[in-house]
Protein chains: 2
Amino acid sequence: MTQLNETHDPALRSWVESANRPDGDFPIQNLPFAAFRRAGTREAFRIGAAIGDQIVDIPAARVAGAFSGDAAHAAVACEQPTLNKLMSLGPDAWSHLRQALSRALGKGAGNAGRVRASLIPQANAEHVVAASIGDYTDFYTSIYHATAVGRLFRPDNPLLPNYKWVPIGYHGRASSIGVSGQSFHRPRAQVLPQGQSAPVVAASRRIDYELELGVFIGTGNAPGETIPIEEAERHVFGLVLLNDWSARDVQPWEYQPLGPFLAKNFATTISPWVVTLEALAPYRAPRVRPDTDPLPLPYLESAADRREGGFDIELDVLIETAQMREKGEAPFSLARSNYKYAYWTVAQLVAHHTVNGCNLAAGDLFGTGTLSGPEPEQAGSLLELSAGGKQPITLGNGERRTFLEDGDAIVFRGWCARDGAARIGFGEVKGSVLPAR
Amino acid sequence: MTQLNETHDPALRSWVESANRPDGDFPIQNLPFAAFRRAGTREAFRIGAAIGDQIVDIPAARVAGAFSGDAAHAAVACEQPTLNKLMSLGPDAWSHLRQALSRALGKGAGNAGRVRASLIPQANAEHVVAASIGDYTDFYTSIYHATAVGRLFRPDNPLLPNYKWVPIGYHGRASSIGVSGQSFHRPRAQVLPQGQSAPVVAASRRIDYELELGVFIGTGNAPGETIPIEEAERHVFGLVLLNDWSARDVQPWEYQPLGPFLAKNFATTISPWVVTLEALAPYRAPRVRPDTDPLPLPYLESAADRREGGFDIELDVLIETAQMREKGEAPFSLARSNYKYAYWTVAQLVAHHTVNGCNLAAGDLFGTGTLSGPEPEQAGSLLELSAGGKQPITLGNGERRTFLEDGDAIVFRGWCARDGAARIGFGEVKGSVLPAR
């Protein structure tokens with residue numbers, strides 16, 4: 001697990017004043033990375049770090065002489081349109097760069113002048129997906145989600161017997177992963193109308209979101225090698241918010257026997273800022289596995305993972321309908337959850353994925369699976385909130401929803417906050433549903 | 001469907017004499033593409049075309065002036081370590097290059113001198129996977145395989161109700177796809193011992209192959225756009241042999257509810273030479289769907305697909321055990337099948353994959369799924385040949401197998417042959433099982 005260091009000091013303040021707001025996502029203790037360029041330009045995308053409402057253009061800061069030694073070397077790897085190069089340098093390089101950024105952005109930093117000219121307002125930037133994603137794997141780490149969904153499909157047997165042993169995962173589609181702001185046309189596909197034996201092709205009527213986090217792999221393993229759980233987190237670069245858009249009426253007809261396909265692969269949206277595990281170190285949480293459950297198999301077990309394999313990350317789901325936009329009404333909070341409820345930890349996912357020698361690479365992305373919590377109002381999808389579409393949800397402005405309508409946008413926000421530690425935020429991921437073509 | 005042109009003339013002969021052997025895989029009518037370099041060197045990988053027992057080094061031939069016009073432009077795209085650039089130029093470019101190669105390699109070609117110095121013996125070359133594979137999707141197109149496997153898991157209900165409607169597919173792992181010659185350590189993963197309720201981690205005892213073809217996408221589609229079945233084959237670059245290695249004891253425990261994962265993602269092996277759809281044009285075959293089955297939904301139906309959506313490709317599976325290698329015994333043929341038995345066609349797979357707007361890209365790979373034929377001896381896996389491991393197979397030298405042993409190598413060969421047409425071969429894909437680590 002990542003140890004605390006001087007970058008975590010909650011008393012640190014930045015000369016970038018917007019970073020010192022107590023409710024801000026990007027204080028000097030966070031410093032997440034993203035791929036960006038100034039909006040509306042043809043500039044090359046490159047890597048920046050968030051500070052307050054600004055972005056440090058890391059290549060520009062390097063040229064200005066803001067870094068030296070290992071950090072300067074890592075900064076060279078930021079002259080790339082994605083994080084893959086920086087990722088491949090490994091956790092020591094990530095940490096050196098982050099610590100150098102912390103020093104350069106701290107109040108009274110001697111080299112502040114070298115960095116100031118490389119700041120770009122976040123409001124003036126546009127993003128792409130932060131890494132070139134070789135392979136995307138989606139997991140199923142919330143036992144509350146697995147139980148709730150299982151109950152809809154199999155009322156007598158909601159949780160399958162493998163759940164408490166196997167961190168269930170499956171391969172997803174990398175090509176359709178987009179960055180916050182992504183919109184997609186309501187997909188058309190085969191669905192089986194109720195009571196019929198022949199399917200039809202129709203625009204999905206059950207478009208849903210899934211509240212997830214994404215886990216970016218920083219360094220991989222050679223084919224045939226495993227990543228032991230004790231080393232797993234050194235292979236993880238950081239986390240993003242992830243919306244696993246789902247067509248609930250497509251999935252039941254297509255998913256036997258090989259799993260979800262067209263129900264999931266039309267779009268997945270992630271937030272631009274990758275929050276490093278180092279930044280999240282003050283928010284580690286114990287694993288939630290109850291004592292009455294079987295112990296994990298040895299390759300999924302370590303003392304550190306048991307003690308602090310989890311992360312205390314608050315998650316909020318908001319809906320913004322077309323009417324809300326037109327009338328200037330505030331988005332409505334559909335649910336609030338927390339990553340600490342996940343049954344399987346990040347380290348367990350990495351250890352499981354590689355136990356058979358499957359090779360991971362820099363830029364691979366894991367989805368955690370829908371992060372529903374134990375309470376009904378912590379459900380991470382409309383499928384759960386509406387009891388499979390049977391109980392419409394009334395929004396704050398009186399509109400009702402079972403599944404998403406054309407023009408609906410979904411926003412996830414994520415943050416860590418606790419007395420005695422700086423707030424660490426993820427920003428947001430927003431995506432919206434366009435009418436079927 | 002691809003039309004016949006002058007490159008298909010069975011009377012064509014090459015000045016490369018090894019191309020004129022009637023039983024050779026690579027006559028002048030074939031001209032498949034691969035990524036290669038001279039073995040044992042640090043040369044950059046580049047694109048070549050097979051002719052007889054030689055490779056035309058396309059960048060070298062271009063520099064020597066062997067091509068002009070559109071073909072020369074396409075040849076520039078071969079100065080790359082993978083086929084992706086050439087793929088992205090589209091089917092007209094592929095055809096121009098292939099026709100120019102045919103002219104340059106034909107007996108009496110005026111520019112033979114410009115090409116001769118760019119020939120490299122295949123025996124002196126090494127390969128990598130021909131394309132950078134963004135996403136890999138594995139399908140399930142043999143109704144005979146689906147029924148046989150279904151019978152092992154669900155004796156009363158072998159074929160699921162969606163099979164004749166949905167070209168079932170799922171996302172696979174791209175990172176562990178290797179080229180012929182790949183070997184892998186017997187994977188370790190969770191298995192549930194018979195009669196037990198708690199799993200153990202063990203080296204798989206049921207390693208199997210799956211006889212498949214791979215379909216390389218040449219040009220993709222934008223997110224949200226579909227590829228209509230009538231245009232589907234123009235997006236397909238060509239076919240390879242594909243071995244979808246499988247751990248049969250891992251799959252049953254892990255695959256519910258989201259599909260196969262560690263049972264499949266440790267290794268997949270493909271042949272180096274990509275045979276273009278244009279080369280396969282003389283071997284088109286009618287679709288096999290019986291009249292008693294439901295008609296495909298309109299997006300999966302076209303007159304051309306019904307008439308000649310299939311391919312008449314003979315497929316042979318051979319095993320070479322450690323004993324065979326030691327004693328100089330010939331590999332043993334385990335099964336012989338043909339791609340023409342597939343229930344779903346290549347064009348149907350492309351149309352289905354994109355009906356919901358999922359975006360494909362140059363270099364994406366589809367696996368057809370195990371290509372078992374209607375007869376028991378045409379089964380494409382040991383799972384089927386051994387009736388789920390219950391009936392050992394006796395090899396020609398007296399050895400017996402239910403599943404693969406350490407040191408076993410599996411070879412697939414594929415070819416098209418018919419009176420009045422030139423033989424079009426795929427070469428082979430070979431892979432082998434190493435002991436567990």
# chains A, B, ... in the order shown; residues from 1 in each chain; ligands from 1

call {"tool": "interface_residues", "arguments": {"of": "chain A", "to": "chain B", "cutoff": "8 Å", "atoms": "only C-alpha atoms", "output": "PyMOL selection string"}}
result
chain A and resi 134-135+160+162+165-166+168-176+184-185+187-190+199-201+223-224+253-262+265-267+297+353+355-361

call {"tool": "residues_around", "arguments": {"residues": "B:Leu334", "least_positions_apart": "3", "cutoff": "7 Å", "atoms": "only C-alpha atoms", "output": "NGL selection string"}}
result
:B and (317-319)

call {"tool": "residues_around", "arguments": {"residues": "B:His145", "least_positions_apart": "5", "cutoff": "12 Å", "atoms": "only C-alpha atoms", "output": "compact mmCIF listing (two decimals) with C-alpha atoms, in the first residue's frame"}}
result
# COMPACT_ATOMS: atom_id res chain seq x y z
CA PHE B 139 -17.92 -15.51 -31.92
CA TYR B 140 -19.67 -18.86 -31.76
CA GLY B 150 -24.37 -27.33 -24.92
CA ARG B 151 -25.15 -31.04 -24.65
CA LEU B 152 -22.28 -31.50 -22.19
CA PRO B 158 -28.29 -28.14 -25.75
CA LEU B 159 -28.97 -25.19 -28.08
CA TYR B 163 -28.69 -19.21 -31.16
CA GLU B 210 -10.36 -24.57 -30.42
CA LEU B 211 -10.18 -24.71 -34.20
CA GLU B 212 -11.12 -21.26 -35.47
CA SER B 337 -13.43 -29.74 -40.72
CA TYR B 341 -20.38 -25.40 -42.09
CA ALA B 342 -20.50 -22.13 -40.13
CA TYR B 343 -24.02 -21.04 -39.29
CA THR B 368 -15.20 -17.35 -35.71
CA GLY B 369 -15.64 -19.69 -32.78
CA THR B 370 -14.83 -23.37 -32.92
CA LEU B 371 -15.49 -24.63 -36.44
CA SER B 372 -16.86 -28.07 -35.74
CA GLY B 373 -18.65 -29.74 -38.66
CA PRO B 374 -21.72 -31.95 -38.59
CA GLU B 375 -19.83 -35.25 -38.21
CA PRO B 376 -18.20 -36.37 -34.95
CA GLN B 378 -15.13 -32.93 -37.63
CA ALA B 379 -15.16 -31.70 -34.04
CA GLY B 380 -12.92 -28.69 -33.47
CA SER B 381 -11.88 -29.34 -29.88
CA LEU B 382 -10.79 -32.15 -27.60
CA LEU B 383 -13.78 -31.36 -25.39
CA GLU B 384 -15.99 -32.63 -28.19
CA LEU B 385 -13.68 -35.40 -29.46

call {"tool": "atom_distance", "arguments": {"atom1": "atom CA of A:Val350", "atom2": "atom CA of A:Ile229"}}
result
7.3 Å

call {"tool": "select_by_dssp", "arguments": {"residues": "stretch 23-99 of chain B", "states": "strand (DSSP E)", "output": "list of chain:residue names"}}
result
B:Phe33, B:Ala34, B:Ala35, B:Phe36, B:Arg37, B:Arg38, B:Arg46, B:Ile47, B:Gly48, B:Ala49, B:Ala50, B:Ile51, B:Gln54, B:Ile55, B:Val56, B:Asp57

call {"tool": "write_last_selection", "arguments": {"atoms": "N, CA, C and O atoms", "output": "PDB file, in the first residue's frame"}}
result
ATOM      1  N   PHE B  33      -0.630 -11.513 -46.994  1.00  0.00           N
ATOM      2  CA  PHE B  33       0.265 -10.528 -46.380  1.00  0.00           C
ATOM      3  C   PHE B  33       0.643 -10.939 -44.952  1.00  0.00           C
ATOM      4  O   PHE B  33      -0.164 -11.544 -44.238  1.00  0.00           O
ATOM      5  N   ALA B  34       1.857 -10.581 -44.557  1.00  0.00           N
ATOM      6  CA  ALA B  34       2.297 -10.824 -43.180  1.00  0.00           C
ATOM      7  C   ALA B  34       3.287  -9.749 -42.771  1.00  0.00           C
ATOM      8  O   ALA B  34       3.870  -9.068 -43.612  1.00  0.00           O
ATOM      9  N   ALA B  35       3.477  -9.614 -41.470  1.00  0.00           N
ATOM     10  CA  ALA B  35       4.555  -8.798 -40.922  1.00  0.00           C
ATOM     11  C   ALA B  35       5.744  -9.723 -40.685  1.00  0.00           C
ATOM     12  O   ALA B  35       5.580 -10.794 -40.099  1.00  0.00           O
ATOM     13  N   PHE B  36       6.928  -9.304 -41.129  1.00  0.00           N
ATOM     14  CA  PHE B  36       8.081 -10.208 -41.054  1.00  0.00           C
ATOM     15  C   PHE B  36       9.379  -9.411 -40.941  1.00  0.00           C
ATOM     16  O   PHE B  36       9.418  -8.212 -41.192  1.00  0.00           O
ATOM     17  N   ARG B  37      10.435 -10.112 -40.581  1.00  0.00           N
ATOM     18  CA  ARG B  37      11.812  -9.631 -40.780  1.00  0.00           C
ATOM     19  C   ARG B  37      12.688 -10.867 -40.913  1.00  0.00           C
ATOM     20  O   ARG B  37      12.237 -11.992 -40.653  1.00  0.00           O
ATOM     21  N   ARG B  38      13.948 -10.674 -41.302  1.00  0.00           N
ATOM     22  CA  ARG B  38      14.843 -11.823 -41.383  1.00  0.00           C
ATOM     23  C   ARG B  38      15.135 -12.311 -39.963  1.00  0.00           C
ATOM     24  O   ARG B  38      15.431 -11.497 -39.076  1.00  0.00           O
ATOM     25  N   ARG B  46       8.242  -5.437 -41.158  1.00  0.00           N
ATOM     26  CA  ARG B  46       7.582  -4.751 -42.273  1.00  0.00           C
ATOM     27  C   ARG B  46       6.652  -5.733 -42.937  1.00  0.00           C
ATOM     28  O   ARG B  46       6.583  -6.895 -42.541  1.00  0.00           O
ATOM     29  N   ILE B  47       5.951  -5.272 -43.959  1.00  0.00           N
ATOM     30  CA  ILE B  47       4.923  -6.108 -44.585  1.00  0.00           C
ATOM     31  C   ILE B  47       5.473  -6.770 -45.841  1.00  0.00           C
ATOM     32  O   ILE B  47       6.108  -6.126 -46.676  1.00  0.00           O
ATOM     33  N   GLY B  48       5.200  -8.055 -45.942  1.00  0.00           N
ATOM     34  CA  GLY B  48       5.572  -8.805 -47.135  1.00  0.00           C
ATOM     35  C   GLY B  48       4.395  -9.621 -47.636  1.00  0.00           C
ATOM     36  O   GLY B  48       3.382  -9.766 -46.955  1.00  0.00           O
ATOM     37  N   ALA B  49       4.563 -10.135 -48.870  1.00  0.00           N
ATOM     38  CA  ALA B  49       3.563 -11.021 -49.457  1.00  0.00           C
ATOM     39  C   ALA B  49       4.226 -12.359 -49.744  1.00  0.00           C
ATOM     40  O   ALA B  49       5.387 -12.407 -50.174  1.00  0.00           O
ATOM     41  N   ALA B  50       3.484 -13.441 -49.508  1.00  0.00           N
ATOM     42  CA  ALA B  50       4.041 -14.772 -49.746  1.00  0.00           C
ATOM     43  C   ALA B  50       3.893 -15.138 -51.217  1.00  0.00           C
ATOM     44  O   ALA B  50       2.841 -14.917 -51.820  1.00  0.00           O
ATOM     45  N   ILE B  51       4.956 -15.708 -51.779  1.00  0.00           N
ATOM     46  CA  ILE B  51       4.910 -16.280 -53.137  1.00  0.00           C
ATOM     47  C   ILE B  51       5.761 -17.545 -53.111  1.00  0.00           C
ATOM     48  O   ILE B  51       6.976 -17.476 -52.858  1.00  0.00           O
ATOM     49  N   GLN B  54       8.895 -18.097 -50.851  1.00  0.00           N
ATOM     50  CA  GLN B  54       9.566 -16.815 -50.677  1.00  0.00           C
ATOM     51  C   GLN B  54       8.611 -15.764 -50.106  1.00  0.00           C
ATOM     52  O   GLN B  54       7.392 -15.947 -50.108  1.00  0.00           O
ATOM     53  N   ILE B  55       9.204 -14.666 -49.662  1.00  0.00           N
ATOM     54  CA  ILE B  55       8.443 -13.479 -49.262  1.00  0.00           C
ATOM     55  C   ILE B  55       8.905 -12.316 -50.132  1.00  0.00           C
ATOM     56  O   ILE B  55      10.121 -12.097 -50.272  1.00  0.00           O
ATOM     57  N   VAL B  56       7.959 -11.597 -50.715  1.00  0.00           N
ATOM     58  CA  VAL B  56       8.304 -10.335 -51.360  1.00  0.00           C
ATOM     59  C   VAL B  56       8.377  -9.270 -50.261  1.00  0.00           C
ATOM     60  O   VAL B  56       7.366  -8.998 -49.593  1.00  0.00           O
ATOM     61  N   ASP B  57       9.537  -8.697 -50.078  1.00  0.00           N
ATOM     62  CA  ASP B  57       9.709  -7.573 -49.148  1.00  0.00           C
ATOM     63  C   ASP B  57       9.122  -6.346 -49.856  1.00  0.00           C
ATOM     64  O   ASP B  57       9.767  -5.737 -50.716  1.00  0.00           O
TER      65      ASP B  57
END
